[in-house]
$ cat coords_24.cif   # mmCIF, C-alpha atoms and all ligand atoms
data_run
loop_
_atom_site.label_atom_id
_atom_site.label_comp_id
_atom_site.auth_asym_id
_atom_site.auth_seq_id
_atom_site.Cartn_x
_atom_site.Cartn_y
_atom_site.Cartn_z
CA MET A 1 -41.62 -35.44 -51.35
CA ASP A 2 -41.03 -37.45 -48.17
CA ARG A 3 -37.66 -38.55 -49.54
CA ARG A 4 -36.60 -34.92 -50.16
CA LEU A 5 -37.74 -33.99 -46.67
CA SER A 6 -35.77 -36.81 -45.10
CA GLN A 7 -32.66 -35.71 -47.12
CA VAL A 8 -33.05 -32.17 -45.79
CA SER A 9 -33.46 -33.54 -42.25
CA VAL A 10 -30.30 -35.65 -42.59
CA LYS A 11 -28.37 -32.56 -43.81
CA ARG A 12 -29.72 -30.52 -40.90
CA ILE A 13 -28.77 -33.18 -38.39
CA ALA A 14 -25.27 -33.39 -39.93
CA LYS A 15 -24.91 -29.60 -39.78
CA SER A 16 -26.16 -29.55 -36.21
CA ALA A 17 -23.68 -32.27 -35.20
CA LYS A 18 -20.84 -30.33 -36.91
CA PHE A 19 -21.92 -27.16 -35.08
CA LYS A 20 -22.01 -29.00 -31.74
CA ARG A 21 -18.50 -30.37 -32.38
CA LYS A 22 -17.26 -26.83 -33.11
CA VAL A 23 -18.88 -25.50 -29.95
CA LYS A 24 -17.36 -28.37 -28.00
CA ASN A 25 -13.90 -27.60 -29.43
CA VAL A 26 -14.23 -23.91 -28.64
CA LEU A 27 -15.43 -24.64 -25.11
CA SER A 28 -12.67 -27.13 -24.67
CA PHE A 29 -10.13 -24.51 -25.85
CA LYS A 30 -11.65 -21.91 -23.53
CA PHE A 31 -11.56 -24.35 -20.64
CA GLN A 32 -7.91 -25.22 -21.37
CA PHE A 33 -7.08 -21.51 -21.63
CA CYS A 34 -8.75 -20.88 -18.26
CA VAL A 35 -6.82 -23.74 -16.67
CA PHE A 36 -3.58 -22.39 -18.19
CA ARG A 37 -4.34 -18.88 -16.98
CA PHE A 38 -5.19 -20.13 -13.49
CA ALA A 39 -1.98 -22.19 -13.36
CA PHE A 40 0.03 -19.18 -14.56
CA CYS A 41 -1.52 -16.94 -11.91
CA ALA A 42 -0.93 -19.53 -9.19
CA LEU A 43 2.70 -19.88 -10.26
CA PHE A 44 3.14 -16.12 -10.38
CA ILE A 45 1.66 -15.70 -6.89
CA LEU A 46 3.94 -18.49 -5.64
CA PHE A 47 7.05 -16.85 -7.15
CA PHE A 48 5.81 -13.46 -6.02
CA ILE A 49 5.28 -14.49 -2.42
CA SER A 50 8.56 -16.39 -2.33
CA GLY A 51 10.27 -13.14 -3.42
CA CYS A 52 8.75 -11.21 -0.51
CA ALA A 53 9.87 -10.99 3.06
CA THR A 54 7.57 -12.01 5.90
CA VAL A 55 7.93 -9.69 8.85
CA TYR A 56 6.13 -9.55 12.18
CA ASN A 57 4.49 -6.15 12.60
CA SER A 58 4.05 -5.31 16.27
CA ALA A 59 1.63 -2.50 15.35
CA THR A 60 -0.87 -4.89 13.79
CA GLY A 61 0.19 -7.95 15.80
CA ARG A 62 0.46 -9.93 12.57
CA GLN A 63 3.03 -11.65 10.40
CA GLU A 64 2.92 -9.69 7.12
CA TYR A 65 4.27 -10.06 3.60
CA ARG A 66 6.29 -7.04 2.58
CA PHE A 67 6.52 -6.40 -1.13
CA ILE A 68 8.11 -2.98 -0.61
CA THR A 69 11.26 -2.83 1.51
CA THR A 70 11.92 0.03 3.93
CA SER A 71 14.59 1.51 1.64
CA GLU A 72 12.15 1.45 -1.31
CA GLU A 73 9.51 3.05 0.89
CA VAL A 74 11.99 5.77 1.90
CA LYS A 75 12.89 6.42 -1.75
CA ILE A 76 9.25 6.69 -2.89
CA GLY A 77 8.41 8.75 0.22
CA SER A 78 11.22 11.24 -0.53
CA ASP A 79 9.88 11.75 -4.06
CA ILE A 80 6.35 12.35 -2.74
CA ALA A 81 7.68 14.71 -0.05
CA ARG A 82 9.48 16.73 -2.75
CA GLN A 83 6.20 17.04 -4.68
CA ILE A 84 4.26 18.09 -1.58
CA GLU A 85 6.86 20.65 -0.55
CA ALA A 86 6.96 22.08 -4.08
CA ARG A 87 3.19 22.48 -3.99
CA PHE A 88 2.63 23.65 -0.41
CA LYS A 89 4.57 26.26 1.50
CA VAL A 90 6.46 24.71 4.43
CA VAL A 91 6.38 26.96 7.51
CA ASN A 92 9.87 27.72 8.82
CA ASP A 93 8.88 29.23 12.15
CA PRO A 94 11.58 27.88 14.54
CA ILE A 95 9.34 28.04 17.64
CA ARG A 96 6.40 26.18 16.08
CA GLN A 97 8.70 23.77 14.27
CA GLY A 98 10.72 23.15 17.45
CA ARG A 99 7.56 22.32 19.41
CA LEU A 100 6.35 19.99 16.67
CA ASN A 101 9.73 18.22 16.46
CA TYR A 102 10.02 17.81 20.21
CA ILE A 103 6.57 16.23 20.59
CA GLY A 104 6.91 14.20 17.39
CA GLN A 105 10.27 12.70 18.29
CA ARG A 106 9.15 11.93 21.84
CA LEU A 107 6.34 9.84 20.34
CA SER A 108 8.45 8.44 17.53
CA VAL A 109 10.91 6.72 19.88
CA VAL A 110 8.09 4.70 21.49
CA CYS A 111 6.15 3.84 18.33
CA ASP A 112 6.15 0.40 16.73
CA ARG A 113 8.15 1.53 13.73
CA GLN A 114 11.84 2.00 14.42
CA ASP A 115 13.23 1.26 10.95
CA LEU A 116 12.23 4.74 9.75
CA ILE A 117 13.31 8.24 10.72
CA HIS A 118 10.07 10.18 11.23
CA THR A 119 10.06 13.82 10.21
CA PHE A 120 7.44 16.43 11.14
CA LYS A 121 6.74 19.55 9.12
CA ILE A 122 4.16 22.34 9.07
CA VAL A 123 2.47 23.30 5.82
CA ASP A 124 0.87 26.70 5.49
CA GLU A 125 -2.76 25.64 5.06
CA LYS A 126 -5.72 26.96 7.00
CA SER A 127 -7.69 23.71 7.07
CA ILE A 128 -7.52 21.46 10.14
CA ASN A 129 -5.50 18.62 8.81
CA ALA A 130 -2.55 16.28 9.22
CA PHE A 131 -1.32 13.47 7.02
CA THR A 132 1.40 10.85 6.71
CA ILE A 133 3.12 9.68 3.59
CA LEU A 134 5.43 6.77 2.87
CA GLY A 135 8.86 6.87 4.44
CA GLY A 136 7.84 8.50 7.74
CA HIS A 137 7.05 12.03 6.53
CA ILE A 138 4.33 13.57 8.67
CA TYR A 139 2.77 16.92 7.78
CA VAL A 140 0.60 19.13 9.95
CA HIS A 141 -1.42 22.02 8.55
CA SER A 142 -0.94 25.39 10.27
CA GLY A 143 -4.76 25.39 10.72
CA LEU A 144 -4.44 22.35 12.97
CA LEU A 145 -1.82 24.07 15.13
CA ASP A 146 -4.23 26.97 15.58
CA PHE A 147 -7.02 24.53 16.49
CA ILE A 148 -5.25 22.43 19.17
CA LYS A 149 -5.17 23.75 22.74
CA SER A 150 -2.26 21.92 24.35
CA ASP A 151 0.88 19.85 23.71
CA SER A 152 -1.09 16.71 24.59
CA GLU A 153 -3.69 17.52 21.92
CA LEU A 154 -0.97 18.03 19.30
CA ALA A 155 0.64 14.80 20.53
CA SER A 156 -2.69 12.97 20.05
CA VAL A 157 -2.79 13.97 16.37
CA LEU A 158 0.87 13.05 15.81
CA ALA A 159 0.42 9.74 17.67
CA HIS A 160 -2.48 8.89 15.35
CA GLU A 161 -0.32 9.68 12.30
CA LEU A 162 2.54 7.59 13.71
CA GLY A 163 0.00 4.78 14.07
CA HIS A 164 -0.57 4.92 10.29
CA SER A 165 3.18 4.83 9.71
CA ALA A 166 3.77 1.96 12.15
CA ALA A 167 0.98 -0.14 10.67
CA ARG A 168 2.42 0.60 7.18
CA HIS A 169 -0.99 1.76 5.95
CA SER A 170 0.42 3.85 3.08
CA ALA A 171 2.88 1.13 2.07
CA LYS A 172 0.18 -1.55 2.14
CA ARG A 173 -2.18 0.54 0.06
CA LEU A 174 0.58 1.14 -2.44
CA GLU A 175 1.36 -2.59 -2.54
CA THR A 176 -2.25 -3.43 -3.33
CA GLY A 177 -2.73 -0.42 -5.61
CA MET A 178 0.32 -0.93 -7.76
CA GLY A 179 0.10 -2.70 -11.05
CA TYR A 180 1.78 -6.00 -11.75
CA GLN A 181 4.69 -4.46 -13.61
CA ILE A 182 5.76 -2.03 -10.89
CA LEU A 183 5.31 -4.67 -8.23
CA ALA A 184 7.26 -7.23 -10.23
CA GLY A 185 10.03 -4.68 -10.75
CA LEU A 186 10.28 -3.99 -7.05
CA VAL A 187 9.98 -7.60 -5.98
CA PHE A 188 12.36 -9.07 -8.55
CA HIS A 189 14.55 -5.96 -8.61
CA ASP A 190 14.28 -5.92 -12.38
CA SER A 191 14.97 -2.40 -13.63
CA LYS A 192 12.97 -2.89 -16.82
CA TYR A 193 9.82 -3.15 -14.73
CA ALA A 194 10.69 -0.66 -12.03
CA ASP A 195 8.74 2.53 -12.43
CA LEU A 196 9.03 4.46 -9.23
CA ALA A 197 7.54 7.54 -10.85
CA ARG A 198 4.27 5.67 -11.30
CA ALA A 199 4.48 4.37 -7.75
CA VAL A 200 4.77 7.98 -6.59
CA ASP A 201 1.70 8.96 -8.65
CA ILE A 202 -0.30 6.08 -7.19
CA SER A 203 0.81 7.02 -3.66
CA VAL A 204 -0.27 10.62 -4.11
CA ASP A 205 -3.64 9.40 -5.37
CA LEU A 206 -3.98 7.12 -2.34
CA ILE A 207 -3.16 10.00 0.02
CA ILE A 208 -5.95 12.05 -1.53
CA ARG A 209 -8.43 9.19 -1.22
CA GLY A 210 -7.59 8.59 2.45
CA TYR A 211 -7.48 5.45 4.54
CA SER A 212 -10.11 2.83 5.27
CA ARG A 213 -12.31 2.95 8.35
CA GLN A 214 -10.39 0.01 9.89
CA ASP A 215 -7.05 1.74 9.28
CA GLU A 216 -8.30 4.89 11.00
CA LEU A 217 -9.57 2.99 14.03
CA LEU A 218 -6.29 1.07 14.32
CA ALA A 219 -4.31 4.35 14.08
CA ASP A 220 -6.52 5.72 16.88
CA ARG A 221 -5.82 2.68 19.08
CA LEU A 222 -2.08 2.79 18.38
CA GLY A 223 -2.12 6.52 19.06
CA VAL A 224 -3.48 5.90 22.57
CA LYS A 225 -0.65 3.43 23.23
CA TYR A 226 2.04 5.87 22.04
CA LEU A 227 0.56 8.71 24.10
CA ILE A 228 0.62 6.66 27.29
CA LYS A 229 4.14 5.33 26.59
CA SER A 230 5.52 8.81 25.97
CA GLY A 231 3.83 10.35 29.01
CA TYR A 232 1.10 12.39 27.29
CA SER A 233 -2.51 12.25 28.40
CA PRO A 234 -4.55 9.95 26.10
CA GLN A 235 -7.65 11.88 27.15
CA ALA A 236 -6.38 14.62 24.81
CA SER A 237 -7.37 12.37 21.84
CA ILE A 238 -10.97 12.37 23.00
CA ASP A 239 -10.92 16.14 23.56
CA VAL A 240 -9.58 16.78 20.02
CA LEU A 241 -12.02 14.34 18.41
CA ARG A 242 -14.99 15.86 20.27
CA ARG A 243 -14.08 19.36 19.17
CA LEU A 244 -13.51 18.16 15.60
CA GLN A 245 -16.92 16.49 15.72
CA GLU A 246 -18.51 19.80 16.67
CA LYS A 247 -16.64 21.51 13.87
CA ASP A 248 -17.25 18.84 11.21
CA GLY A 249 -19.73 20.02 8.60
CA SER A 250 -19.73 23.52 10.02
CA GLY A 251 -19.02 24.93 6.64
CA PRO A 252 -16.62 26.90 4.58
CA GLN A 253 -13.37 26.26 6.41
CA GLY A 254 -13.57 22.52 5.84
CA ILE A 255 -11.71 19.85 7.72
CA GLY A 256 -9.59 18.30 4.99
CA ILE A 257 -7.99 14.89 4.77
CA PHE A 258 -7.64 14.39 8.52
CA LEU A 259 -11.41 14.03 8.66
CA SER A 260 -12.71 13.55 5.15
CA ASP A 261 -12.33 9.78 5.08
CA HIS A 262 -12.29 9.19 8.77
CA PRO A 263 -15.00 7.06 10.32
CA LEU A 264 -17.79 8.71 12.14
CA MET A 265 -16.53 10.60 15.14
CA PRO A 266 -18.73 8.79 17.71
CA GLU A 267 -17.14 5.48 16.68
CA ARG A 268 -13.63 6.94 16.92
CA ILE A 269 -14.31 8.53 20.30
CA LYS A 270 -15.75 5.23 21.58
CA THR A 271 -12.74 3.28 20.25
CA VAL A 272 -10.25 5.65 21.90
CA ALA A 273 -12.15 5.54 25.21
CA GLN A 274 -12.25 1.70 25.14
CA GLU A 275 -8.52 1.53 24.33
CA ILE A 276 -7.66 3.86 27.24
CA GLU A 277 -9.63 1.56 29.58
CA ARG A 278 -8.10 -1.60 28.09
CA LEU A 279 -4.52 -0.36 28.43
CA LYS A 280 -5.09 0.56 32.08
CA THR A 281 -5.14 -3.15 32.89
CA GLU A 282 -2.74 -4.43 30.24
CA ASP A 283 1.02 -4.61 30.26
CA PHE A 284 2.32 -3.21 26.97
ZN ZN B 1 -5.90 8.92 10.03
#

$ encode --input "coords_24.cif" --output "structure tokens"
Amino acid sequence: MDRRLSQVSVKRIAKSAKFKRKVKNVLSFKFQFCVFRFAFCALFILFFISGCATVYNSATGRQEYRFITTSEEVKIGSDIARQIEARFKVVNDPIRQGRLNYIGQRLSVVCDRQDLIHTFKIVDEKSINAFTILGGHIYVHSGLLDFIKSDSELASVLAHELGHSAARHSAKRLETGMGYQILAGLVFHDSKYADLARAVDISVDLIIRGYSRQDELLADRLGVKYLIKSGYSPQASIDVLRRLQEKDGSGPQGIGIFLSDHPLMPERIKTVAQEIERLKTEDF
């Protein structure tokens, strides 16, 4: 009996040792696979970064990698603009359009982004809204034009939108939001990967989701700078934000994208006020 038991024990020990060896092999394979995957990713990032241009962005004050060139941004932006203008009615009132163009271009020439031609259009929408898409296309809802009380107030909204454009907020979000294949296609200029249609879809999705809190605050700060440089009163930003704050959550009319993802108004108003004070003593 004892002998049979010891034989069973020996078999069990042998089986257990075999099992441990298998586990060890599998773990070793998994470990090797992880190392390989890590090395592949590191190599890809290295190649990827080496294929990108590093450009100093005066809007952010930083040296930035650019995966999407300005001409690619313009191309994607034109496709998105076509979609927007097919969906929304563009207002062709020469007086309103002329006023918008005049103020917009006055701000555009002093903004940090001079490699783009900024365009300004009115869309026939009652909500109080304005938005910027890739390639320098800035849209203002007719509801916003009814809401603002002066040229300086309209300038404050456009200056904020130009801040998004100058800081490349849409382009950066697209760069981080795009999949490997599209990005690789754009970076390596390989047509088999390039899928601009998907890039357009992603961009539209990003527009709907809005910008981050930090992006909004930076656009507010840049807006103050552009207002001062172009001769408009930066106080108008505070006036517009205060009135929007009173209106926010007031019900059926809604505020739209201009406010939906924007940080809390008190923080924005405080940021704008601090920036006005800061730029009074700074040479810029
Ligand atoms: Zn914004």

$ atom_distance --input "coords_24.cif" --atom1 "CA of Leu100 in chain A" --atom2 "CA of Gln235 in chain A"
19.3 Å

$ atom_distance --input "coords_24.cif" --atom1 "CA of Leu107 in chain A" --atom2 "CA of Leu145 in chain A"
17.2 Å

$ closest_residue --input "coords_24.cif" --among "A:Ala59, A:Val90, A:Leu217, A:Ile133" --to "ligand ZN 1 (chain B)" --atoms "only C-alpha atoms and all ligand atoms"
A:Leu217

$ closest_residue --input "coords_24.cif" --among "A:Arg62, A:Lys75, A:Arg268, A:His141" --to "His160 in chain A" --atoms "all atoms listed in the file"
A:Arg268

$ closest_residue --input "coords_24.cif" --among "A:Ala130, A:Ala236, A:Leu174, A:Leu154" --to "ligand ZN 1 (chain B)" --atoms "only C-alpha atoms and all ligand atoms"
A:Ala130

$ closest_residue --input "coords_24.cif" --among "A:Ala159, A:Ala219, A:Ala81, A:Ala171" --to "ligand ZN 1 (chain B)" --atoms "all atoms listed in the file"
A:Ala219

$ atom_distance --input "coords_24.cif" --atom1 "CA of Phe67 in chain A" --atom2 "CA of Asp112 in chain A"
19.1 Å

$ closest_residue --input "coords_24.cif" --among "A:Val91, A:Met265, A:Val123, A:Ile148" --to "ligand ZN 1 (chain B)" --atoms "all atoms listed in the file"
A:Met265

$ closest_residue --input "coords_24.cif" --among "A:Arg278, A:Asp239, A:Asn129, A:His137" --to "ligand ZN 1 (chain B)" --atoms "all atoms listed in the file"
A:Asn129

$ residues_around --input "coords_24.cif" --residues "range 230-232 of chain A" --least-positions-apart "5" --cutoff "9 Å" --atoms "all atoms listed in the file" --output "list in words"
Arg106, Leu107, Ser108, Val109, Val110, Asp151, Ser152, Glu153, Ala155, Ser156 and Lys225 of chain A

$ build_atoms --input "coords_24.cif" --residues "range 229-249 of chain A" --atoms "N, CA and C atoms" --output "PDB file, in the coordinates of the input"
ATOM      1  N   LYS A 229       2.721   5.688  26.474  1.00  0.00           N
ATOM      2  CA  LYS A 229       4.140   5.330  26.590  1.00  0.00           C
ATOM      3  C   LYS A 229       5.062   6.546  26.652  1.00  0.00           C
ATOM      4  N   SER A 230       4.646   7.632  26.005  1.00  0.00           N
ATOM      5  CA  SER A 230       5.520   8.810  25.970  1.00  0.00           C
ATOM      6  C   SER A 230       5.158   9.832  27.063  1.00  0.00           C
ATOM      7  N   GLY A 231       4.162   9.495  27.871  1.00  0.00           N
ATOM      8  CA  GLY A 231       3.830  10.350  29.010  1.00  0.00           C
ATOM      9  C   GLY A 231       2.819  11.444  28.729  1.00  0.00           C
ATOM     10  N   TYR A 232       2.164  11.406  27.574  1.00  0.00           N
ATOM     11  CA  TYR A 232       1.100  12.390  27.290  1.00  0.00           C
ATOM     12  C   TYR A 232      -0.253  11.811  27.707  1.00  0.00           C
ATOM     13  N   SER A 233      -1.189  12.704  27.970  1.00  0.00           N
ATOM     14  CA  SER A 233      -2.510  12.250  28.400  1.00  0.00           C
ATOM     15  C   SER A 233      -3.314  11.737  27.196  1.00  0.00           C
ATOM     16  N   PRO A 234      -3.751  10.465  27.218  1.00  0.00           N
ATOM     17  CA  PRO A 234      -4.550   9.950  26.100  1.00  0.00           C
ATOM     18  C   PRO A 234      -5.936  10.599  26.010  1.00  0.00           C
ATOM     19  N   GLN A 235      -6.357  11.196  27.146  1.00  0.00           N
ATOM     20  CA  GLN A 235      -7.650  11.880  27.150  1.00  0.00           C
ATOM     21  C   GLN A 235      -7.674  13.007  26.105  1.00  0.00           C
ATOM     22  N   ALA A 236      -6.481  13.534  25.788  1.00  0.00           N
ATOM     23  CA  ALA A 236      -6.380  14.620  24.810  1.00  0.00           C
ATOM     24  C   ALA A 236      -6.942  14.183  23.447  1.00  0.00           C
ATOM     25  N   SER A 237      -6.820  12.887  23.121  1.00  0.00           N
ATOM     26  CA  SER A 237      -7.370  12.370  21.840  1.00  0.00           C
ATOM     27  C   SER A 237      -8.873  12.570  21.812  1.00  0.00           C
ATOM     28  N   ILE A 238      -9.513  12.233  22.932  1.00  0.00           N
ATOM     29  CA  ILE A 238     -10.970  12.370  23.000  1.00  0.00           C
ATOM     30  C   ILE A 238     -11.362  13.844  22.901  1.00  0.00           C
ATOM     31  N   ASP A 239     -10.603  14.697  23.590  1.00  0.00           N
ATOM     32  CA  ASP A 239     -10.920  16.140  23.560  1.00  0.00           C
ATOM     33  C   ASP A 239     -10.841  16.674  22.123  1.00  0.00           C
ATOM     34  N   VAL A 240      -9.755  16.299  21.406  1.00  0.00           N
ATOM     35  CA  VAL A 240      -9.580  16.780  20.020  1.00  0.00           C
ATOM     36  C   VAL A 240     -10.704  16.243  19.137  1.00  0.00           C
ATOM     37  N   LEU A 241     -10.986  14.947  19.253  1.00  0.00           N
ATOM     38  CA  LEU A 241     -12.020  14.340  18.410  1.00  0.00           C
ATOM     39  C   LEU A 241     -13.388  14.975  18.669  1.00  0.00           C
ATOM     40  N   ARG A 242     -13.678  15.240  19.940  1.00  0.00           N
ATOM     41  CA  ARG A 242     -14.990  15.860  20.270  1.00  0.00           C
ATOM     42  C   ARG A 242     -15.101  17.241  19.636  1.00  0.00           C
ATOM     43  N   ARG A 243     -14.021  18.004  19.737  1.00  0.00           N
ATOM     44  CA  ARG A 243     -14.080  19.360  19.170  1.00  0.00           C
ATOM     45  C   ARG A 243     -14.129  19.311  17.636  1.00  0.00           C
ATOM     46  N   LEU A 244     -13.442  18.321  17.059  1.00  0.00           N
ATOM     47  CA  LEU A 244     -13.510  18.160  15.600  1.00  0.00           C
ATOM     48  C   LEU A 244     -14.915  17.764  15.170  1.00  0.00           C
ATOM     49  N   GLN A 245     -15.546  16.927  16.004  1.00  0.00           N
ATOM     50  CA  GLN A 245     -16.920  16.490  15.720  1.00  0.00           C
ATOM     51  C   GLN A 245     -17.864  17.693  15.685  1.00  0.00           C
ATOM     52  N   GLU A 246     -17.661  18.606  16.632  1.00  0.00           N
ATOM     53  CA  GLU A 246     -18.510  19.800  16.670  1.00  0.00           C
ATOM     54  C   GLU A 246     -18.266  20.665  15.432  1.00  0.00           C
ATOM     55  N   LYS A 247     -17.019  20.650  14.990  1.00  0.00           N
ATOM     56  CA  LYS A 247     -16.640  21.510  13.870  1.00  0.00           C
ATOM     57  C   LYS A 247     -17.011  20.888  12.510  1.00  0.00           C
ATOM     58  N   ASP A 248     -17.011  19.553  12.473  1.00  0.00           N
ATOM     59  CA  ASP A 248     -17.250  18.840  11.210  1.00  0.00           C
ATOM     60  C   ASP A 248     -18.570  19.281  10.585  1.00  0.00           C
ATOM     61  N   GLY A 249     -18.519  19.624   9.316  1.00  0.00           N
ATOM     62  CA  GLY A 249     -19.730  20.020   8.600  1.00  0.00           C
ATOM     63  C   GLY A 249     -20.171  21.424   8.925  1.00  0.00           C
TER      64      GLY A 249
END
